[in-house]
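Enquirer: Sharing data_34.cif below, mmCIF, C-alpha atoms:
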```cif
data_data
#
loop_
_atom_site.group_PDB
_atom_site.id
_atom_site.type_symbol
_atom_site.label_atom_id
_atom_site.label_comp_id
_atom_site.auth_asym_id
_atom_site.auth_seq_id
_atom_site.Cartn_x
_atom_site.Cartn_y
_atom_site.Cartn_z
ATOM 1 C CA MET A 1 -4.687 20.097 -8.207
ATOM 2 C CA TYR A 2 -6.965 22.922 -7.105
ATOM 3 C CA PHE A 3 -5.184 23.376 -3.821
ATOM 4 C CA VAL A 4 -3.562 26.503 -2.434
ATOM 5 C CA GLN A 5 -0.165 26.841 -3.982
ATOM 6 C CA LEU A 6 1.923 28.882 -1.635
ATOM 7 C CA PHE A 7 5.225 28.749 -3.391
ATOM 8 C CA GLN A 8 6.320 26.651 -6.293
ATOM 9 C CA ILE A 9 8.661 24.653 -4.138
ATOM 10 C CA ALA A 10 6.030 24.015 -1.478
ATOM 11 C CA SER A 11 3.275 23.144 -3.905
ATOM 12 C CA ILE A 12 1.473 19.860 -3.550
ATOM 13 C CA ASP A 13 2.872 18.568 -6.833
ATOM 14 C CA ALA A 14 6.418 19.288 -5.742
ATOM 15 C CA VAL A 15 6.035 17.828 -2.263
ATOM 16 C CA ARG A 16 4.382 14.604 -3.332
ATOM 17 C CA PRO A 17 7.489 12.810 -4.686
ATOM 18 C CA VAL A 18 9.455 13.802 -1.574
ATOM 19 C CA PHE A 19 6.651 12.473 0.601
ATOM 20 C CA MET A 20 6.601 9.202 -1.325
ATOM 21 C CA ILE A 21 10.356 8.740 -1.079
ATOM 22 C CA VAL A 22 10.403 9.481 2.646
ATOM 23 C CA MET A 23 7.462 7.154 3.281
ATOM 24 C CA GLY A 24 9.000 4.369 1.224
ATOM 25 C CA ILE A 25 12.331 4.537 3.009
ATOM 26 C CA PHE A 26 10.720 4.877 6.419
ATOM 27 C CA LEU A 27 8.534 1.847 5.784
ATOM 28 C CA MET A 28 11.582 -0.188 4.817
ATOM 29 C CA LEU A 29 13.454 0.980 7.909
ATOM 30 C CA VAL A 30 10.616 0.175 10.291
ATOM 31 C CA ALA A 31 9.974 -3.239 8.776
ATOM 32 C CA TRP A 32 13.671 -4.050 8.998
ATOM 33 C CA ARG A 33 13.793 -2.992 12.653
ATOM 34 C CA LEU A 34 10.718 -5.009 13.452
ATOM 35 C CA ALA A 35 12.150 -8.068 11.770
ATOM 36 C CA ARG A 36 15.595 -7.768 13.260
ATOM 37 C CA ASN A 37 14.660 -9.544 16.474
ATOM 38 C CA THR A 38 12.007 -11.761 14.974
ATOM 39 C CA GLU A 39 12.304 -15.194 13.537
ATOM 40 C CA GLY A 40 10.382 -16.839 10.819
ATOM 41 C CA TRP A 41 8.000 -16.195 8.010
ATOM 42 C CA SER A 42 6.213 -13.166 9.441
ATOM 43 C CA ALA A 43 9.485 -11.253 9.456
ATOM 44 C CA ARG A 44 10.452 -12.404 5.980
ATOM 45 C CA LEU A 45 7.088 -11.525 4.488
ATOM 46 C CA MET A 46 6.972 -8.121 6.159
ATOM 47 C CA VAL A 47 10.452 -7.171 5.031
ATOM 48 C CA GLY A 48 9.770 -8.526 1.553
ATOM 49 C CA GLY A 49 6.536 -6.597 1.245
ATOM 50 C CA ALA A 50 8.119 -3.446 2.616
ATOM 51 C CA PHE A 51 10.986 -3.798 0.159
ATOM 52 C CA LEU A 52 8.618 -4.142 -2.801
ATOM 53 C CA LEU A 53 6.616 -1.144 -1.615
ATOM 54 C CA CYS A 54 9.797 0.870 -1.062
ATOM 55 C CA VAL A 55 10.866 0.170 -4.628
ATOM 56 C CA GLY A 56 7.451 1.262 -5.815
ATOM 57 C CA TYR A 57 6.987 4.359 -3.668
ATOM 58 C CA ALA A 58 10.546 5.609 -3.441
ATOM 59 C CA ILE A 59 11.800 4.750 -6.930
ATOM 60 C CA LEU A 60 9.000 4.115 -9.425
ATOM 61 C CA ILE A 61 6.542 6.841 -8.483
ATOM 62 C CA PRO A 62 9.162 9.630 -8.318
ATOM 63 C CA LEU A 63 10.437 8.494 -11.716
ATOM 64 C CA TYR A 64 6.913 8.810 -13.062
ATOM 65 C CA ASP A 65 6.474 12.206 -11.430
ATOM 66 C CA ALA A 66 9.765 13.422 -12.827
ATOM 67 C CA GLY A 67 8.675 12.418 -16.303
ATOM 68 C CA LYS A 68 11.485 9.931 -16.752
ATOM 69 C CA ILE A 69 8.920 7.169 -17.345
ATOM 70 C CA GLU A 70 6.018 7.794 -19.664
ATOM 71 C CA LYS A 71 2.582 7.192 -18.204
ATOM 72 C CA TYR A 72 0.787 4.370 -19.963
ATOM 73 C CA TYR A 73 -2.918 4.886 -20.572
ATOM 74 C CA PRO A 74 -5.260 4.205 -23.494
ATOM 75 C CA GLY A 75 -4.878 6.823 -26.175
ATOM 76 C CA ALA A 76 -1.534 8.111 -24.953
ATOM 77 C CA ASN A 77 0.936 9.581 -27.399
ATOM 78 C CA LEU A 78 3.975 7.616 -26.377
ATOM 79 C CA HIS A 79 7.573 7.976 -27.404
ATOM 80 C CA SER A 80 8.191 4.278 -26.865
ATOM 81 C CA PRO A 81 5.018 2.312 -26.173
ATOM 82 C CA SER A 82 6.775 -0.943 -25.323
ATOM 83 C CA THR A 83 8.941 0.725 -22.674
ATOM 84 C CA ALA A 84 5.951 2.505 -21.176
ATOM 85 C CA LEU A 85 4.008 -0.746 -21.148
ATOM 86 C CA ALA A 86 6.874 -2.605 -19.500
ATOM 87 C CA TRP A 87 7.220 -0.027 -16.715
ATOM 88 C CA HIS A 88 3.452 -0.045 -16.233
ATOM 89 C CA ALA A 89 3.504 -3.806 -15.772
ATOM 90 C CA VAL A 90 6.394 -3.508 -13.305
ATOM 91 C CA LYS A 91 4.496 -0.868 -11.330
ATOM 92 C CA LEU A 92 1.326 -2.974 -11.232
ATOM 93 C CA VAL A 93 3.168 -6.041 -10.001
ATOM 94 C CA VAL A 94 5.392 -4.278 -7.458
ATOM 95 C CA MET A 95 2.782 -2.046 -5.863
ATOM 96 C CA ASN A 96 0.117 -4.736 -5.568
ATOM 97 C CA ALA A 97 2.330 -7.655 -4.599
ATOM 98 C CA GLY A 98 4.002 -5.353 -2.074
ATOM 99 C CA TRP A 99 0.767 -4.719 -0.209
ATOM 100 C CA LEU A 100 -0.251 -8.367 -0.479
ATOM 101 C CA VAL A 101 3.001 -9.648 1.007
ATOM 102 C CA LEU A 102 3.113 -6.947 3.701
ATOM 103 C CA GLY A 103 -0.476 -7.683 4.637
ATOM 104 C CA LEU A 104 0.177 -11.411 4.856
ATOM 105 C CA GLY A 105 3.286 -10.786 6.946
ATOM 106 C CA LEU A 106 1.402 -8.555 9.348
ATOM 107 C CA GLY A 107 -1.375 -11.125 9.487
ATOM 108 C CA LEU A 108 1.126 -13.756 10.554
ATOM 109 C CA HIS A 109 2.738 -11.370 13.027
ATOM 110 C CA SER A 110 -0.525 -10.467 14.702
ATOM 111 C CA GLY A 111 -1.672 -14.043 14.945
ATOM 112 C CA LEU A 112 -4.533 -13.546 12.523
ATOM 113 C CA LEU A 113 -3.025 -16.150 10.223
ATOM 114 C CA ARG A 114 -0.858 -18.970 11.354
ATOM 115 C CA VAL A 115 1.726 -21.030 9.544
ATOM 116 C CA PRO A 116 0.183 -24.466 9.333
ATOM 117 C CA LEU A 117 2.275 -26.794 11.427
ATOM 118 C CA ILE A 118 1.788 -30.475 11.858
ATOM 119 C CA ARG A 119 2.343 -30.854 15.527
ATOM 120 C CA LYS A 120 3.770 -34.211 16.380
ATOM 121 C CA VAL A 121 3.751 -33.520 20.108
ATOM 122 C CA SER A 122 1.416 -31.126 21.785
ATOM 123 C CA LYS A 123 3.555 -28.432 23.299
ATOM 124 C CA THR A 124 2.652 -26.227 26.194
ATOM 125 C CA ARG A 125 2.180 -22.827 24.613
ATOM 126 C CA THR A 126 3.096 -19.674 26.390
ATOM 127 C CA VAL A 127 0.272 -17.377 25.501
ATOM 128 C CA SER A 128 1.674 -14.059 24.481
ATOM 129 C CA GLY A 129 -0.329 -11.165 23.162
ATOM 130 C CA HIS A 130 2.204 -10.987 20.406
ATOM 131 C CA GLU A 131 2.880 -13.909 18.143
ATOM 132 C CA SER A 132 5.838 -13.168 15.989
ATOM 133 C CA VAL A 133 5.718 -16.790 15.137
ATOM 134 C CA ALA A 134 6.494 -19.175 12.373
ATOM 135 C CA MET B 1 0.943 -8.417 -27.618
ATOM 136 C CA ASN B 2 2.432 -11.175 -25.572
ATOM 137 C CA LEU B 3 -0.396 -12.987 -23.806
ATOM 138 C CA LEU B 4 1.190 -12.776 -20.375
ATOM 139 C CA LEU B 5 1.814 -9.067 -20.683
ATOM 140 C CA GLU B 6 -1.689 -8.557 -21.980
ATOM 141 C CA SER B 7 -3.158 -10.379 -19.019
ATOM 142 C CA ILE B 8 -1.112 -8.256 -16.619
ATOM 143 C CA VAL B 9 -1.873 -4.925 -18.177
ATOM 144 C CA ALA B 10 -5.165 -5.096 -20.026
ATOM 145 C CA ASN B 11 -6.763 -7.261 -17.382
ATOM 146 C CA GLY B 12 -4.875 -5.567 -14.574
ATOM 147 C CA LEU B 13 -7.854 -6.243 -12.359
ATOM 148 C CA LEU B 14 -6.123 -9.416 -11.164
ATOM 149 C CA PHE B 15 -3.225 -7.501 -9.669
ATOM 150 C CA ASP B 16 -5.433 -4.761 -8.312
ATOM 151 C CA ALA B 17 -7.486 -7.466 -6.624
ATOM 152 C CA LEU B 18 -4.324 -8.897 -5.036
ATOM 153 C CA GLY B 19 -3.417 -5.471 -3.723
ATOM 154 C CA ILE B 20 -6.884 -4.974 -2.296
ATOM 155 C CA ILE B 21 -6.841 -8.399 -0.668
ATOM 156 C CA GLY B 22 -3.458 -7.593 0.863
ATOM 157 C CA LEU B 23 -4.775 -4.317 2.236
ATOM 158 C CA GLY B 24 -7.802 -6.128 3.607
ATOM 159 C CA VAL B 25 -5.615 -8.660 5.407
ATOM 160 C CA LEU B 26 -3.499 -5.785 6.719
ATOM 161 C CA ALA B 27 -6.591 -4.059 8.076
ATOM 162 C CA LEU B 28 -7.788 -7.254 9.759
ATOM 163 C CA ALA B 29 -4.345 -7.882 11.243
ATOM 164 C CA ALA B 30 -4.241 -4.322 12.544
ATOM 165 C CA LEU B 31 -7.687 -4.846 14.077
ATOM 166 C CA ARG B 32 -6.421 -7.947 15.837
ATOM 167 C CA LEU B 33 -3.417 -6.064 17.181
ATOM 168 C CA VAL B 34 -5.749 -3.435 18.592
ATOM 169 C CA ARG B 35 -8.095 -5.967 20.182
ATOM 170 C CA LYS B 36 -5.488 -8.304 21.616
ATOM 171 C CA SER B 37 -2.612 -6.050 22.559
ATOM 172 C CA ASN B 38 -4.110 -2.548 22.718
ATOM 173 C CA SER B 39 -1.421 -1.294 20.429
ATOM 174 C CA TRP B 40 -2.199 2.224 19.185
ATOM 175 C CA GLY B 41 0.024 1.549 16.217
ATOM 176 C CA GLY B 42 -2.430 -1.104 15.250
ATOM 177 C CA SER B 43 -5.358 1.307 15.121
ATOM 178 C CA MET B 44 -3.316 3.805 13.086
ATOM 179 C CA MET B 45 -2.520 1.048 10.627
ATOM 180 C CA GLY B 46 -6.173 0.082 10.548
ATOM 181 C CA TYR B 47 -7.280 3.601 9.662
ATOM 182 C CA GLY B 48 -4.548 3.886 7.066
ATOM 183 C CA ALA B 49 -5.452 0.569 5.495
ATOM 184 C CA VAL B 50 -9.140 1.514 5.353
ATOM 185 C CA ALA B 51 -8.319 4.836 3.705
ATOM 186 C CA LEU B 52 -6.148 3.084 1.133
ATOM 187 C CA LEU B 53 -8.865 0.511 0.515
ATOM 188 C CA ILE B 54 -11.526 3.164 -0.055
ATOM 189 C CA ALA B 55 -9.284 5.105 -2.427
ATOM 190 C CA ARG B 56 -8.271 2.001 -4.369
ATOM 191 C CA LEU B 57 -11.823 0.722 -4.660
ATOM 192 C CA TYR B 58 -12.951 4.138 -5.852
ATOM 193 C CA ILE B 59 -10.201 4.239 -8.473
ATOM 194 C CA LEU B 60 -11.139 0.763 -9.657
ATOM 195 C CA LEU B 61 -14.886 1.422 -9.817
ATOM 196 C CA SER B 62 -15.004 5.051 -10.938
ATOM 197 C CA PRO B 63 -14.693 4.390 -14.695
ATOM 198 C CA HIS B 64 -17.916 2.443 -14.412
ATOM 199 C CA PHE B 65 -20.121 5.098 -12.925
ATOM 200 C CA ILE B 66 -18.465 8.448 -13.612
ATOM 201 C CA SER B 67 -20.072 9.949 -16.693
ATOM 202 C CA GLN B 68 -20.301 13.424 -18.120
ATOM 203 C CA ASP B 69 -23.873 13.727 -16.820
ATOM 204 C CA LEU B 70 -22.805 12.848 -13.296
ATOM 205 C CA LEU B 71 -19.922 15.310 -13.450
ATOM 206 C CA ALA B 72 -22.222 18.037 -14.676
ATOM 207 C CA ALA B 73 -24.661 17.229 -11.882
ATOM 208 C CA ILE B 74 -22.159 17.412 -9.042
ATOM 209 C CA GLY B 75 -20.721 20.713 -10.225
ATOM 210 C CA PRO B 76 -17.224 22.182 -10.000
ATOM 211 C CA LEU B 77 -16.815 21.457 -6.281
ATOM 212 C CA GLY B 78 -17.850 17.876 -6.852
ATOM 213 C CA ILE B 79 -15.415 17.553 -9.731
ATOM 214 C CA SER B 80 -12.618 18.896 -7.541
ATOM 215 C CA MET B 81 -13.594 16.324 -4.947
ATOM 216 C CA THR B 82 -13.381 13.461 -7.417
ATOM 217 C CA VAL B 83 -9.813 14.544 -8.137
ATOM 218 C CA ALA B 84 -8.719 15.545 -4.659
ATOM 219 C CA LEU B 85 -10.349 13.001 -2.363
ATOM 220 C CA PRO B 86 -8.734 9.831 -3.748
ATOM 221 C CA THR B 87 -5.307 11.467 -3.658
ATOM 222 C CA LEU B 88 -5.881 12.693 -0.105
ATOM 223 C CA LEU B 89 -7.072 9.249 0.977
ATOM 224 C CA LEU B 90 -4.057 7.586 -0.642
ATOM 225 C CA THR B 91 -1.683 10.043 1.005
ATOM 226 C CA PHE B 92 -3.142 9.802 4.481
ATOM 227 C CA GLY B 93 -3.619 6.075 4.092
ATOM 228 C CA LEU B 94 0.052 5.518 3.361
ATOM 229 C CA ALA B 95 1.030 7.911 6.143
ATOM 230 C CA GLY B 96 -1.260 6.081 8.553
ATOM 231 C CA VAL B 97 0.096 2.655 7.735
ATOM 232 C CA VAL B 98 3.725 3.745 7.997
ATOM 233 C CA TRP B 99 3.176 5.744 11.175
ATOM 234 C CA GLY B 100 1.183 2.895 12.701
ATOM 235 C CA LEU B 101 3.855 0.355 11.862
ATOM 236 C CA TRP B 102 6.502 2.611 13.400
ATOM 237 C CA GLY B 103 4.427 3.116 16.530
ATOM 238 C CA HIS B 104 3.774 -0.591 16.811
ATOM 239 C CA GLU B 105 7.454 -1.421 16.404
ATOM 240 C CA LYS B 106 8.364 1.138 19.062
ATOM 241 C CA TRP B 107 5.758 -0.337 21.396
ATOM 242 C CA LEU B 108 7.077 -3.830 20.724
ATOM 243 C CA ARG B 109 10.612 -2.776 21.520
ATOM 244 C CA GLU B 110 9.669 -1.011 24.707
ATOM 245 C CA SER B 111 7.396 -3.698 26.111
#
```
Any chance you could give the structure as structure tokens?
Expert:
Amino acid sequence: MYFVQLFQIASIDAVRPVFMIVMGIFLMLVAWRLARNTEGWSARLMVGGAFLLCVGYAILIPLYDAGKIEKYYPGANLHSPSTALAWHAVKLVVMNAGWLVLGLGLGLHSGLLRVPLIRKVSKTRTVSGHESVA
Amino acid sequence: MNLLLESIVANGLLFDALGIIGLGVLALAALRLVRKSNSWGGSMMGYGAVALLIARLYILLSPHFISQDLLAAIGPLGISMTVALPTLLLTFGLAGVVWGLWGHEKWLRES
């Protein structure tokens, strides 16, 4: 990184894992708080997505940054290629599915998407700006 | 290599596409929150999601158009940008989404 490095401990490379861990945990906390008083699929999807992302941002990426997991890329000189490949697959699945599930949960929460319901009786709906619905 | 593993890793485009779709849905949901409920958390999440989308799309597409000639043409500042900008976008994107979600949750609780 060609950024200003003030001190070793405050350098961008050193701060990044801390930032990721804090963000991951904060995301989990906020999603949990949001879902605490909410019923239904939007809450489940948001917490699930946040959990996957927390695992990715707070655990996987710091492990990569700390060198505990070898980075997998074509032409890499790997100690154990199968392990590196396995962790790479885990990272791909967790980070992408995390955003997908969180996005779907937020879509449900905002009313953008709705859980398809077969309404037997037409109910009177209270229109609220906020549909934390399932 | 096991076929399933190969399809996950070598053709990782499938999972990257899922992530991008998820971010797109997140951005649209955030937009809806802004339009319908005037939640500032929603707009923060929208900006964050857009930043993440741009960074991810760049990372996916860059192997296809970045060549030595292009790098030579854009010069050392340009090369620094190709390294720094995606990371910056990813960082601020994540920060935006998390901050927006927190703000939205606070707004929900208080209203």
Enquirer: Set the cut-off to 8 Å and count all atoms listed in the file: what are the residues of chain B that reach chain A? Output as a PyMOL selection string.
Expert: chain B and resi 5+8-9+12+15-16+18-30+32-33+36-37+80+83-84+94-95+98+101-102+105
Enquirer: Okay, now the selection with C-alpha atoms, as a tab-separated table (two decimals), in the frame of the given file?
Expert:
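The resulting again01.tsv:
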```tsv
chain	number	residue	atom	x	y	z
B	5	LEU	CA	1.81	-9.07	-20.68
B	8	ILE	CA	-1.11	-8.26	-16.62
B	9	VAL	CA	-1.87	-4.92	-18.18
B	12	GLY	CA	-4.88	-5.57	-14.57
B	15	PHE	CA	-3.22	-7.50	-9.67
B	16	ASP	CA	-5.43	-4.76	-8.31
B	18	LEU	CA	-4.32	-8.90	-5.04
B	19	GLY	CA	-3.42	-5.47	-3.72
B	20	ILE	CA	-6.88	-4.97	-2.30
B	21	ILE	CA	-6.84	-8.40	-0.67
B	22	GLY	CA	-3.46	-7.59	0.86
B	23	LEU	CA	-4.78	-4.32	2.24
B	24	GLY	CA	-7.80	-6.13	3.61
B	25	VAL	CA	-5.62	-8.66	5.41
B	26	LEU	CA	-3.50	-5.78	6.72
B	27	ALA	CA	-6.59	-4.06	8.08
B	28	LEU	CA	-7.79	-7.25	9.76
B	29	ALA	CA	-4.34	-7.88	11.24
B	30	ALA	CA	-4.24	-4.32	12.54
B	32	ARG	CA	-6.42	-7.95	15.84
B	33	LEU	CA	-3.42	-6.06	17.18
B	36	LYS	CA	-5.49	-8.30	21.62
B	37	SER	CA	-2.61	-6.05	22.56
B	80	SER	CA	-12.62	18.90	-7.54
B	83	VAL	CA	-9.81	14.54	-8.14
B	84	ALA	CA	-8.72	15.54	-4.66
B	94	LEU	CA	0.05	5.52	3.36
B	95	ALA	CA	1.03	7.91	6.14
B	98	VAL	CA	3.72	3.74	8.00
B	101	LEU	CA	3.86	0.36	11.86
B	102	TRP	CA	6.50	2.61	13.40
B	105	GLU	CA	7.45	-1.42	16.40
```
Enquirer: Evaluate the PyMOL selection byres ((chain B and resi 55-64) around 7) here and jot the selected residues down as a list of chain:residue names.
Expert: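 Output from the PyMOL selection byres ((chain B and resi 55-64) around 7), applied to this file: B:Ala51, B:Leu52, B:Leu53, B:Ile54, B:Phe65, B:Ile66, B:Pro86, B:Leu89, B:Leu90.
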Enquirer: Suppose a student applies the PyMOL selection byres ((chain A and resi 40) around 12) to this structure; what residues should they get, written as a list in words?
Expert: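 Applying the expression gives Ala35, Arg36, Asn37, Thr38, Glu39, Trp41, Ser42, Ala43, Arg44, Leu45, Met46, Val47, Gly105, Leu108, His109, Arg114, Val115, Glu131, Ser132, Val133 and Ala134 of chain A.
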Enquirer: Of the candidates B:Thr91, B:Asn2, B:Gly103, B:Leu14, which one gets nearest to Gly48 of chain B if we count all atoms listed in the file?
Expert: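 Of all the options, B:Thr91 lies closest to Gly48 of chain B.
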Enquirer: Which of these, A:Val18, A:Ile12, A:Ala76, A:Leu52, has the shortest distance to Lys91 of chain A once you count all atoms listed in the file?
Expert: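 For Lys91 of chain A, the nearest of the given residues is A:Leu52.
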Enquirer: Interatomic distance between atom CA of Val97 of chain B and atom CA of Ala49 of chain B?
Expert: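 Those two atoms sit 6.3 Å apart.
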Enquirer: Quick one: of B:Leu4, B:Ser39, B:Ala10, B:Ala73, who's nearest to Glu110 of chain B, counting only C-alpha atoms?
Expert: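 Between B:Leu4, B:Ser39, B:Ala10, B:Ala73, the residue approaching Glu110 of chain B most closely is B:Ser39.
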Enquirer: State, in Å with one decimal place, the distance from atom CA of Ala84 of chain A to atom CA of Lys68 of chain A.
Expert: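 Atom-to-atom, atom CA of Ala84 of chain A to atom CA of Lys68 of chain A, that is 10.3 Å.
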Enquirer: Could you please determine the separation between atom CA of Ile79 of chain B and atom CA of Ala58 of chain A in Å, to one decimal place?
Expert: 29.3 Å
Enquirer: Any chance you could export segment 51-87 of chain A with C-alpha atoms, as a PDB file, in the first residue's frame?
Expert:
```pdb
ATOM      1  CA  PHE A  51     -23.632 -14.303  11.114  1.00  0.00           C
ATOM      2  CA  LEU A  52     -22.085 -15.611   7.893  1.00  0.00           C
ATOM      3  CA  LEU A  53     -20.519 -12.223   7.207  1.00  0.00           C
ATOM      4  CA  CYS A  54     -19.246 -11.991  10.786  1.00  0.00           C
ATOM      5  CA  VAL A  55     -17.545 -15.354  10.403  1.00  0.00           C
ATOM      6  CA  GLY A  56     -16.003 -14.153   7.171  1.00  0.00           C
ATOM      7  CA  TYR A  57     -14.937 -10.665   8.229  1.00  0.00           C
ATOM      8  CA  ALA A  58     -14.049 -11.258  11.854  1.00  0.00           C
ATOM      9  CA  ILE A  59     -12.518 -14.735  11.626  1.00  0.00           C
ATOM     10  CA  LEU A  60     -11.496 -15.704   8.092  1.00  0.00           C
ATOM     11  CA  ILE A  61      -9.996 -12.456   6.843  1.00  0.00           C
ATOM     12  CA  PRO A  62      -7.883 -11.821   9.974  1.00  0.00           C
ATOM     13  CA  LEU A  63      -6.624 -15.400   9.727  1.00  0.00           C
ATOM     14  CA  TYR A  64      -5.590 -14.712   6.151  1.00  0.00           C
ATOM     15  CA  ASP A  65      -3.968 -11.427   7.135  1.00  0.00           C
ATOM     16  CA  ALA A  66      -2.095 -13.077   9.969  1.00  0.00           C
ATOM     17  CA  GLY A  67      -0.721 -15.657   7.576  1.00  0.00           C
ATOM     18  CA  LYS A  68      -2.337 -18.565   9.369  1.00  0.00           C
ATOM     19  CA  ILE A  69      -4.160 -19.509   6.152  1.00  0.00           C
ATOM     20  CA  GLU A  70      -2.266 -19.589   2.897  1.00  0.00           C
ATOM     21  CA  LYS A  71      -3.701 -17.482   0.104  1.00  0.00           C
ATOM     22  CA  TYR A  72      -4.830 -19.602  -2.813  1.00  0.00           C
ATOM     23  CA  TYR A  73      -4.102 -18.204  -6.260  1.00  0.00           C
ATOM     24  CA  PRO A  74      -2.842 -19.690  -9.529  1.00  0.00           C
ATOM     25  CA  GLY A  75       0.883 -20.238  -9.421  1.00  0.00           C
ATOM     26  CA  ALA A  76       1.174 -20.017  -5.653  1.00  0.00           C
ATOM     27  CA  ASN A  77       3.889 -21.922  -3.850  1.00  0.00           C
ATOM     28  CA  LEU A  78       1.763 -23.587  -1.232  1.00  0.00           C
ATOM     29  CA  HIS A  79       2.742 -25.593   1.792  1.00  0.00           C
ATOM     30  CA  SER A  80      -0.471 -27.594   1.616  1.00  0.00           C
ATOM     31  CA  PRO A  81      -2.486 -26.921  -1.530  1.00  0.00           C
ATOM     32  CA  SER A  82      -5.529 -28.918  -0.456  1.00  0.00           C
ATOM     33  CA  THR A  83      -5.853 -26.985   2.807  1.00  0.00           C
ATOM     34  CA  ALA A  84      -5.447 -23.667   1.023  1.00  0.00           C
ATOM     35  CA  LEU A  85      -8.030 -24.712  -1.543  1.00  0.00           C
ATOM     36  CA  ALA A  86     -10.467 -25.801   1.151  1.00  0.00           C
ATOM     37  CA  TRP A  87     -10.193 -22.496   3.029  1.00  0.00           C
TER      38      TRP A  87
END
```
